[in-house]
$ cat entry.tsv   # TSV, C-alpha atoms
chain	number	residue	atom	x	y	z
U	3	LEU	CA	46.85	47.23	59.20
U	4	ALA	CA	47.87	48.51	55.80
U	5	LYS	CA	45.75	47.26	52.92
U	6	THR	CA	47.84	45.80	50.12
U	7	THR	CA	47.07	45.56	46.41
U	8	GLN	CA	48.95	43.36	43.94
U	9	PRO	CA	48.31	41.89	40.48
U	10	ILE	CA	46.12	38.81	40.49
U	11	SER	CA	48.36	36.89	38.11
U	12	MET	CA	51.64	37.02	36.22
U	13	ASP	CA	53.27	34.79	33.61
U	14	SER	CA	56.96	34.18	33.12
U	15	TYR	CA	59.42	31.76	31.58
U	16	GLU	CA	62.17	29.76	33.15
U	17	GLY	CA	65.38	31.69	33.70
U	18	GLN	CA	63.73	35.11	33.68
U	19	GLU	CA	63.73	37.61	36.52
U	20	VAL	CA	60.26	38.26	37.90
U	21	ASN	CA	59.23	41.42	39.68
U	22	ILE	CA	55.95	41.52	41.58
U	23	THR	CA	54.86	44.92	42.80
U	24	CYS	CA	52.60	45.52	45.76
U	25	SER	CA	50.85	48.75	46.62
U	26	HIS	CA	50.31	49.73	50.25
U	27	ASN	CA	49.37	53.40	50.13
U	28	ASN	CA	48.23	53.70	53.75
U	29	ILE	CA	51.14	51.92	55.34
U	30	ALA	CA	51.77	53.04	58.91
U	31	THR	CA	55.07	54.12	60.40
U	32	ASN	CA	55.56	50.86	62.28
U	33	ASP	CA	54.47	48.54	59.45
U	34	TYR	CA	56.92	46.15	57.84
U	35	ILE	CA	56.35	44.55	54.45
U	36	THR	CA	56.43	40.78	54.35
U	37	TRP	CA	56.16	38.40	51.40
U	38	TYR	CA	55.00	34.80	51.53
U	39	GLN	CA	54.86	32.02	48.95
U	40	GLN	CA	52.13	29.40	48.92
U	41	PHE	CA	51.95	26.17	46.95
U	42	PRO	CA	48.65	24.28	46.59
U	43	SER	CA	47.61	22.42	49.73
U	44	GLN	CA	50.46	23.87	51.77
U	45	GLY	CA	50.74	26.66	54.28
U	46	PRO	CA	52.38	29.95	53.25
U	47	ARG	CA	56.16	30.03	53.45
U	48	PHE	CA	58.04	33.16	54.50
U	49	ILE	CA	60.19	34.60	51.73
U	50	ILE	CA	61.48	38.01	52.77
U	51	GLN	CA	60.67	41.01	54.90
U	52	GLY	CA	61.76	44.62	54.93
U	53	TYR	CA	61.08	48.09	56.24
U	54	LYS	CA	62.80	50.36	53.75
U	55	THR	CA	65.40	50.43	50.93
U	56	LYS	CA	66.57	47.02	49.75
U	57	VAL	CA	66.73	43.65	51.41
U	58	THR	CA	68.27	40.56	49.83
U	59	ASN	CA	68.43	36.95	50.93
U	60	GLU	CA	69.26	33.68	49.22
U	61	VAL	CA	65.96	33.45	47.36
U	62	ALA	CA	64.75	36.98	46.64
U	63	SER	CA	65.22	40.71	46.89
U	64	LEU	CA	62.77	43.24	48.21
U	65	PHE	CA	62.84	46.85	47.04
U	66	ILE	CA	61.04	49.50	49.05
U	67	PRO	CA	61.12	53.14	47.89
U	68	ALA	CA	61.55	56.01	50.28
U	69	ASP	CA	57.82	56.75	50.59
U	70	ARG	CA	57.15	53.06	51.40
U	71	LYS	CA	53.83	53.15	49.57
U	72	SER	CA	54.83	50.22	47.42
U	73	SER	CA	57.29	47.37	47.35
U	74	THR	CA	58.66	45.02	44.71
U	75	LEU	CA	59.55	41.39	45.20
U	76	SER	CA	62.25	40.31	42.77
U	77	LEU	CA	62.80	36.63	42.01
U	78	PRO	CA	65.99	36.05	40.00
U	79	ARG	CA	66.04	33.35	37.32
U	80	VAL	CA	62.75	31.65	38.13
U	81	SER	CA	62.19	27.96	37.57
U	82	LEU	CA	59.06	25.86	37.13
U	83	SER	CA	59.06	25.19	40.87
U	84	ASP	CA	58.53	28.89	41.55
U	85	THR	CA	54.98	28.60	40.22
U	86	ALA	CA	52.93	29.57	43.27
U	87	VAL	CA	50.83	32.30	44.82
U	88	TYR	CA	52.81	35.17	46.31
U	89	TYR	CA	51.29	37.30	49.05
U	90	CYS	CA	52.37	40.78	50.08
U	91	LEU	CA	51.41	41.60	53.65
U	92	SER	CA	51.92	44.45	56.01
U	93	PRO	CA	51.38	43.42	59.61
U	94	LEU	CA	51.50	45.96	62.35
U	95	TYR	CA	54.19	45.01	64.79
U	96	GLY	CA	53.98	45.82	68.40
U	97	GLY	CA	52.13	43.92	71.07
U	98	ALA	CA	50.83	40.41	70.75
U	99	THR	CA	48.22	40.92	68.05
U	100	ASN	CA	50.28	40.99	64.88
U	101	LYS	CA	47.44	39.89	62.67
U	102	LEU	CA	48.08	39.14	59.02
U	103	ILE	CA	45.22	39.94	56.68
U	104	PHE	CA	45.74	38.24	53.35
U	105	GLY	CA	44.74	39.84	50.07
U	106	THR	CA	44.22	38.00	46.81
U	107	GLY	CA	47.91	37.36	46.22
U	108	THR	CA	49.63	37.04	42.83
U	109	LEU	CA	49.52	33.73	41.03
U	110	LEU	CA	52.85	33.38	39.26
U	111	ALA	CA	52.88	30.84	36.45
U	112	VAL	CA	56.34	29.91	35.19
U	113	GLN	CA	56.45	28.15	31.84
U	114	PRO	CA	59.29	26.19	30.26
P	9	GLY	CA	64.41	27.93	61.48
P	10	ALA	CA	61.09	28.25	63.23
P	11	VAL	CA	58.80	25.29	62.59
P	12	VAL	CA	55.06	25.06	63.07
P	13	SER	CA	53.47	21.63	62.91
P	14	GLN	CA	49.83	20.81	62.32
P	15	HIS	CA	48.07	17.55	62.95
P	16	PRO	CA	46.32	15.88	61.30
P	17	SER	CA	47.25	16.86	57.76
P	18	TRP	CA	43.91	15.65	56.48
P	19	VAL	CA	40.71	14.27	57.97
P	20	ILE	CA	37.49	12.91	56.54
P	21	CYS	CA	34.49	12.45	58.80
P	22	LYS	CA	30.75	12.26	58.86
P	23	SER	CA	28.47	15.23	59.28
P	24	GLY	CA	27.79	15.99	62.94
P	25	THR	CA	31.22	14.89	64.12
P	26	SER	CA	33.51	17.20	66.07
P	27	VAL	CA	37.06	17.44	64.77
P	28	LYS	CA	40.13	18.68	66.64
P	29	ILE	CA	43.14	20.15	64.86
P	30	GLU	CA	46.43	20.71	66.67
P	31	CYS	CA	48.99	23.43	66.00
P	32	ARG	CA	52.39	23.18	67.64
P	33	SER	CA	55.41	25.43	67.61
P	34	LEU	CA	58.27	22.94	67.63
P	35	ASP	CA	61.34	25.03	68.45
P	36	PHE	CA	59.97	28.22	69.90
P	37	GLN	CA	57.29	29.51	72.21
P	38	ALA	CA	54.28	31.43	71.02
P	39	THR	CA	51.99	33.41	73.28
P	40	THR	CA	49.76	34.00	70.28
P	41	MET	CA	48.82	31.74	67.41
P	42	PHE	CA	46.45	32.41	64.54
P	43	TRP	CA	43.93	30.22	62.74
P	44	TYR	CA	43.00	30.67	59.10
P	45	ARG	CA	40.61	29.00	56.71
P	46	GLN	CA	41.14	28.75	52.98
P	47	PHE	CA	38.60	27.66	50.39
P	48	PRO	CA	39.69	26.43	46.94
P	49	LYS	CA	41.18	29.14	44.75
P	50	GLN	CA	40.70	31.73	47.46
P	51	SER	CA	43.01	33.54	49.83
P	52	LEU	CA	43.51	32.77	53.50
P	53	MET	CA	40.84	34.16	55.79
P	54	LEU	CA	41.78	34.89	59.39
P	55	MET	CA	39.36	33.18	61.74
P	56	ALA	CA	40.71	33.88	65.19
P	57	THR	CA	43.66	34.81	67.35
P	58	SER	CA	44.55	32.19	69.94
P	59	ASN	CA	45.97	33.62	73.16
P	60	GLU	CA	47.87	31.46	75.61
P	61	GLY	CA	46.08	31.27	78.92
P	62	SER	CA	43.12	33.39	77.88
P	63	LYS	CA	40.15	33.43	75.54
P	64	ALA	CA	40.60	33.51	71.81
P	65	THR	CA	39.66	36.57	69.81
P	66	TYR	CA	37.39	35.81	66.88
P	67	GLU	CA	37.09	37.76	63.65
P	68	GLN	CA	33.73	39.16	62.69
P	69	GLY	CA	31.40	36.52	61.31
P	70	VAL	CA	33.22	33.55	62.83
P	71	GLU	CA	31.09	31.57	65.27
P	72	LYS	CA	33.00	31.06	68.50
P	73	ASP	CA	30.72	28.21	69.58
P	74	LYS	CA	31.34	26.47	66.29
P	75	PHE	CA	35.10	26.86	66.25
P	76	LEU	CA	36.45	26.25	69.74
P	77	ILE	CA	40.01	27.34	70.35
P	78	ASN	CA	42.18	26.33	73.26
P	79	HIS	CA	45.72	27.59	73.82
P	80	ALA	CA	46.76	25.78	76.97
P	81	SER	CA	50.52	26.05	76.61
P	82	LEU	CA	53.13	28.20	74.89
P	83	THR	CA	53.61	25.59	72.17
P	84	LEU	CA	50.14	24.22	71.49
P	85	SER	CA	46.86	25.62	70.23
P	86	THR	CA	43.90	23.50	69.21
P	87	LEU	CA	40.95	24.27	66.96
P	88	THR	CA	37.86	22.13	67.38
P	89	VAL	CA	35.21	22.26	64.70
P	90	THR	CA	32.08	21.24	66.56
P	91	SER	CA	29.23	19.35	64.89
P	92	ALA	CA	30.91	19.75	61.54
P	93	HIS	CA	28.81	19.96	58.39
P	94	PRO	CA	29.79	19.79	54.71
P	95	GLU	CA	30.03	23.60	54.50
P	96	ASP	CA	32.83	23.44	57.09
P	97	SER	CA	34.95	21.48	54.64
P	98	SER	CA	38.02	23.59	54.00
P	99	PHE	CA	41.78	23.92	54.42
P	100	TYR	CA	42.62	25.09	57.93
P	101	ILE	CA	46.02	26.67	58.58
P	102	CYS	CA	47.65	27.94	61.74
P	103	SER	CA	50.55	30.34	62.25
P	104	ALA	CA	52.72	31.50	65.10
P	105	ARG	CA	55.57	33.86	65.82
P	106	ASP	CA	58.39	33.61	68.30
P	107	PHE	CA	57.80	36.69	70.39
P	108	ARG	CA	60.96	36.20	72.41
P	109	SER	CA	63.08	36.82	69.33
P	110	GLY	CA	61.97	40.38	68.78
P	111	VAL	CA	58.91	42.23	67.60
P	112	ASN	CA	59.79	42.16	63.92
P	113	GLN	CA	60.03	38.43	63.48
P	114	PRO	CA	57.72	37.07	60.77
P	115	GLN	CA	54.98	34.55	61.36
P	116	HIS	CA	55.52	30.94	60.43
P	117	PHE	CA	52.76	28.73	59.11
P	118	GLY	CA	51.87	25.10	59.50
P	119	ASP	CA	51.27	22.95	56.45
P	120	GLY	CA	47.52	23.01	56.94
P	121	THR	CA	44.78	20.49	57.63
P	122	ARG	CA	42.43	19.43	54.86
P	123	LEU	CA	39.00	18.83	56.43
P	124	SER	CA	36.35	17.01	54.42
P	125	ILE	CA	32.90	16.49	55.91
P	126	LEU	CA	30.72	13.93	54.21
$ encode --input "entry.tsv" --output "structure tokens"
Amino acid sequence: LAKTTQPISMDSYEGQEVNITCSHNNIATNDYITWYQQFPSQGPRFIIQGYKTKVTNEVASLFIPADRKSSTLSLPRVSLSDTAVYYCLSPLYGGATNKLIFGTGTLLAVQP
Amino acid sequence: GAVVSQHPSWVICKSGTSVKIECRSLDFQATTMFWYRQFPKQSLMLMATSNEGSKATYEQGVEKDKFLINHASLTLSTLTVTSAHPEDSSFYICSARDFRSGVNQPQHFGDGTRLSIL
């Protein structure tokens, strides 16, 4: 399991684009990068996942450079409701034991 | 999309009581489910891996006799906190992944169970 490192907190304002970078220097060949969002008193919610280059869905984009030692979650035009903790994870796929080990996550605070 | 349901969403009980928490995958089957615990302002801590039809695998430092896990079917895992004490008060969350849909499918989480022991 690749250990991930991300900033503990970030501040932003409504309407801005937010980029949260995660470092995973010892990522293995088979590891994907997955991002989750968690609101207080709720379970984490899947946002986006990727292996390399760029992945985009309706809520976010994920940029992964060629060496895959880091990744950046991009949230376009954030709103107050995007205030949450964002976790970067790198589970090892293959077999039944795809454990997710959570790091500290990044607390994103969006202000009006 | 894949939905994981937990029940109950919150429970308050007296010290010494045993409490059972259910985790169900509603629209997919899961041979493996995971149980986490989260204390206030902290990250999720993996407690154990629940395996359908076999014994659970516990993370280091988690008492298997304290936290009993049963995974009797492909859609249901239960976590029983036995003889709960105030220090067991926490937010318990389960997750599961649809293994039939491919190895790179992400895990989906339940909404958690808030356990308060008086």
$ closest_residue --input "entry.tsv" --among "U:Phe48, U:Gly17, U:Thr58, U:Asn27" --to "chain P" --atoms "only C-alpha atoms"
U:Phe48
$ interface_residues --input "entry.tsv" --of "chain P" --to "chain U" --cutoff "12 Å" --atoms "only C-alpha atoms" --output "number ranges by chain"
P: 9-14, 17-18, 38-60, 64-67, 98-108, 110-123
$ residues_around --input "entry.tsv" --residues "range 21-32 of chain P" --least-positions-apart "3" --cutoff "7 Å" --atoms "only C-alpha atoms" --output "ChimeraX atom specification"
/P:12-16,83-94,102,124-126
$ atom_distance --input "entry.tsv" --atom1 "CA of Thr55 in chain U" --atom2 "CA of Lys71 in chain U"
12.0 Å
$ atom_distance --input "entry.tsv" --atom1 "CA of Met12 in chain U" --atom2 "CA of Ser25 in chain U"
15.7 Å
$ residues_around --input "entry.tsv" --residues "range 20-23 of chain U" --least-positions-apart "2" --cutoff "10 Å" --atoms "all atoms listed in the file" --output "number ranges by chain"
U: 7-9, 11-18, 25-26, 62-66, 72-80, 88-90, 108, 110, 112
$ atom_distance --input "entry.tsv" --atom1 "CA of Ala111 in chain U" --atom2 "CA of Ser83 in chain U"
9.5 Å
$ decode --input "entry.tsv" --residues "chain U" --atoms "C-alpha atoms" --output "JSON list (two decimals), in the first residue's frame"
[["chain", "number", "residue", "atom", "x", "y", "z"],
["U", 3, "LEU", "CA", 0.00, 0.00, 0.00],
["U", 4, "ALA", "CA", 1.43, 3.34, -1.02],
["U", 5, "LYS", "CA", 1.65, 5.90, 1.76],
["U", 6, "THR", "CA", 0.08, 9.21, 0.80],
["U", 7, "THR", "CA", 0.87, 12.71, 2.05],
["U", 8, "GLN", "CA", -1.37, 15.74, 1.55],
["U", 9, "PRO", "CA", -1.78, 19.18, 3.15],
["U", 10, "ILE", "CA", -3.73, 19.15, 6.38],
["U", 11, "SER", "CA", -5.87, 22.13, 5.43],
["U", 12, "MET", "CA", -6.64, 24.58, 2.64],
["U", 13, "ASP", "CA", -8.77, 27.71, 2.39],
["U", 14, "SER", "CA", -10.63, 28.96, -0.64],
["U", 15, "TYR", "CA", -13.46, 31.24, -1.69],
["U", 16, "GLU", "CA", -16.62, 30.48, -3.56],
["U", 17, "GLY", "CA", -16.20, 30.31, -7.32],
["U", 18, "GLN", "CA", -12.48, 29.58, -7.22],
["U", 19, "GLU", "CA", -10.76, 26.50, -8.58],
["U", 20, "VAL", "CA", -9.12, 24.42, -5.88],
["U", 21, "ASN", "CA", -6.21, 22.09, -6.45],
["U", 22, "ILE", "CA", -5.24, 19.60, -3.75],
["U", 23, "THR", "CA", -1.98, 17.77, -4.30],
["U", 24, "CYS", "CA", -1.15, 14.39, -2.86],
["U", 25, "SER", "CA", 2.28, 12.81, -2.70],
["U", 26, "HIS", "CA", 2.67, 9.04, -3.05],
["U", 27, "ASN", "CA", 6.37, 8.51, -3.68],
["U", 28, "ASN", "CA", 6.38, 4.74, -3.21],
["U", 29, "ILE", "CA", 3.36, 3.97, -5.32],
["U", 30, "ALA", "CA", 3.44, 0.47, -6.78],
["U", 31, "THR", "CA", 2.87, -0.50, -10.39],
["U", 32, "ASN", "CA", -0.62, -1.82, -9.74],
["U", 33, "ASP", "CA", -1.76, 1.03, -7.46],
["U", 34, "TYR", "CA", -4.55, 3.36, -8.51],
["U", 35, "ILE", "CA", -5.12, 6.76, -6.92],
["U", 36, "THR", "CA", -8.55, 7.36, -5.45],
["U", 37, "TRP", "CA", -10.03, 10.48, -3.88],
["U", 38, "TYR", "CA", -12.86, 10.59, -1.38],
["U", 39, "GLN", "CA", -14.83, 13.43, 0.20],
["U", 40, "GLN", "CA", -16.15, 13.28, 3.74],
["U", 41, "PHE", "CA", -18.63, 15.57, 5.46],
["U", 42, "PRO", "CA", -19.01, 15.54, 9.26],
["U", 43, "SER", "CA", -20.91, 12.52, 10.57],
["U", 44, "GLN", "CA", -21.07, 10.89, 7.15],
["U", 45, "GLY", "CA", -19.14, 8.14, 5.45],
["U", 46, "PRO", "CA", -16.59, 9.04, 2.75],
["U", 47, "ARG", "CA", -17.99, 9.55, -0.72],
["U", 48, "PHE", "CA", -16.08, 8.48, -3.83],
["U", 49, "ILE", "CA", -15.06, 11.41, -6.02],
["U", 50, "ILE", "CA", -12.67, 10.20, -8.70],
["U", 51, "GLN", "CA", -10.05, 7.59, -9.45],
["U", 52, "GLY", "CA", -7.21, 7.31, -11.91],
["U", 53, "TYR", "CA", -4.07, 5.46, -12.87],
["U", 54, "LYS", "CA", -2.19, 7.93, -15.05],
["U", 55, "THR", "CA", -2.57, 11.16, -17.07],
["U", 56, "LYS", "CA", -5.88, 12.96, -16.61],
["U", 57, "VAL", "CA", -9.31, 11.80, -15.58],
["U", 58, "THR", "CA", -12.38, 14.02, -15.53],
["U", 59, "ASN", "CA", -15.92, 13.45, -14.34],
["U", 60, "GLU", "CA", -18.87, 15.68, -13.55],
["U", 61, "VAL", "CA", -17.46, 16.90, -10.24],
["U", 62, "ALA", "CA", -13.67, 16.92, -10.49],
["U", 63, "SER", "CA", -10.52, 16.29, -12.46],
["U", 64, "LEU", "CA", -7.55, 14.22, -11.44],
["U", 65, "PHE", "CA", -4.09, 14.91, -12.83],
["U", 66, "ILE", "CA", -1.39, 12.28, -12.52],
["U", 67, "PRO", "CA", 2.09, 12.95, -13.94],
["U", 68, "ALA", "CA", 4.07, 10.34, -15.78],
["U", 69, "ASP", "CA", 6.10, 9.24, -12.74],
["U", 70, "ARG", "CA", 2.86, 8.80, -10.74],
["U", 71, "LYS", "CA", 4.56, 9.94, -7.55],
["U", 72, "SER", "CA", 1.93, 12.60, -6.99],
["U", 73, "SER", "CA", -1.56, 13.49, -8.05],
["U", 74, "THR", "CA", -3.70, 16.62, -8.01],
["U", 75, "LEU", "CA", -7.42, 16.77, -7.41],
["U", 76, "SER", "CA", -8.96, 19.79, -9.11],
["U", 77, "LEU", "CA", -12.35, 21.10, -8.02],
["U", 78, "PRO", "CA", -13.70, 23.74, -10.42],
["U", 79, "ARG", "CA", -15.64, 26.70, -9.03],
["U", 80, "VAL", "CA", -16.09, 25.50, -5.47],
["U", 81, "SER", "CA", -19.11, 26.41, -3.39],
["U", 82, "LEU", "CA", -19.73, 26.52, 0.35],
["U", 83, "SER", "CA", -21.05, 22.96, 0.17],
["U", 84, "ASP", "CA", -17.64, 21.73, -0.94],
["U", 85, "THR", "CA", -16.29, 22.39, 2.54],
["U", 86, "ALA", "CA", -15.22, 18.91, 3.64],
["U", 87, "VAL", "CA", -12.25, 16.65, 4.24],
["U", 88, "TYR", "CA", -10.69, 15.21, 1.10],
["U", 89, "TYR", "CA", -8.72, 11.98, 1.26],
["U", 90, "CYS", "CA", -6.18, 10.75, -1.25],
["U", 91, "LEU", "CA", -5.76, 6.98, -1.16],
["U", 92, "SER", "CA", -3.83, 4.41, -3.07],
["U", 93, "PRO", "CA", -5.25, 0.94, -2.60],
["U", 94, "LEU", "CA", -3.53, -2.03, -4.08],
["U", 95, "TYR", "CA", -5.87, -3.77, -6.43],
["U", 96, "GLY", "CA", -5.76, -7.43, -7.01],
["U", 97, "GLY", "CA", -7.28, -10.14, -4.89],
["U", 98, "ALA", "CA", -9.91, -9.63, -2.24],
["U", 99, "THR", "CA", -7.93, -7.55, 0.25],
["U", 100, "ASN", "CA", -8.04, -4.09, -1.26],
["U", 101, "LYS", "CA", -7.53, -2.33, 2.03],
["U", 102, "LEU", "CA", -7.75, 1.43, 2.20],
["U", 103, "ILE", "CA", -5.49, 3.07, 4.76],
["U", 104, "PHE", "CA", -6.58, 6.63, 5.38],
["U", 105, "GLY", "CA", -4.13, 9.43, 6.04],
["U", 106, "THR", "CA", -4.97, 12.74, 7.65],
["U", 107, "GLY", "CA", -6.83, 14.09, 4.65],
["U", 108, "THR", "CA", -7.13, 17.76, 3.64],
["U", 109, "LEU", "CA", -9.73, 19.92, 5.31],
["U", 110, "LEU", "CA", -10.97, 22.32, 2.65],
["U", 111, "ALA", "CA", -12.74, 25.37, 4.00],
["U", 112, "VAL", "CA", -14.66, 27.38, 1.41],
["U", 113, "GLN", "CA", -15.64, 30.88, 2.43],
["U", 114, "PRO", "CA", -18.20, 33.21, 0.85]]
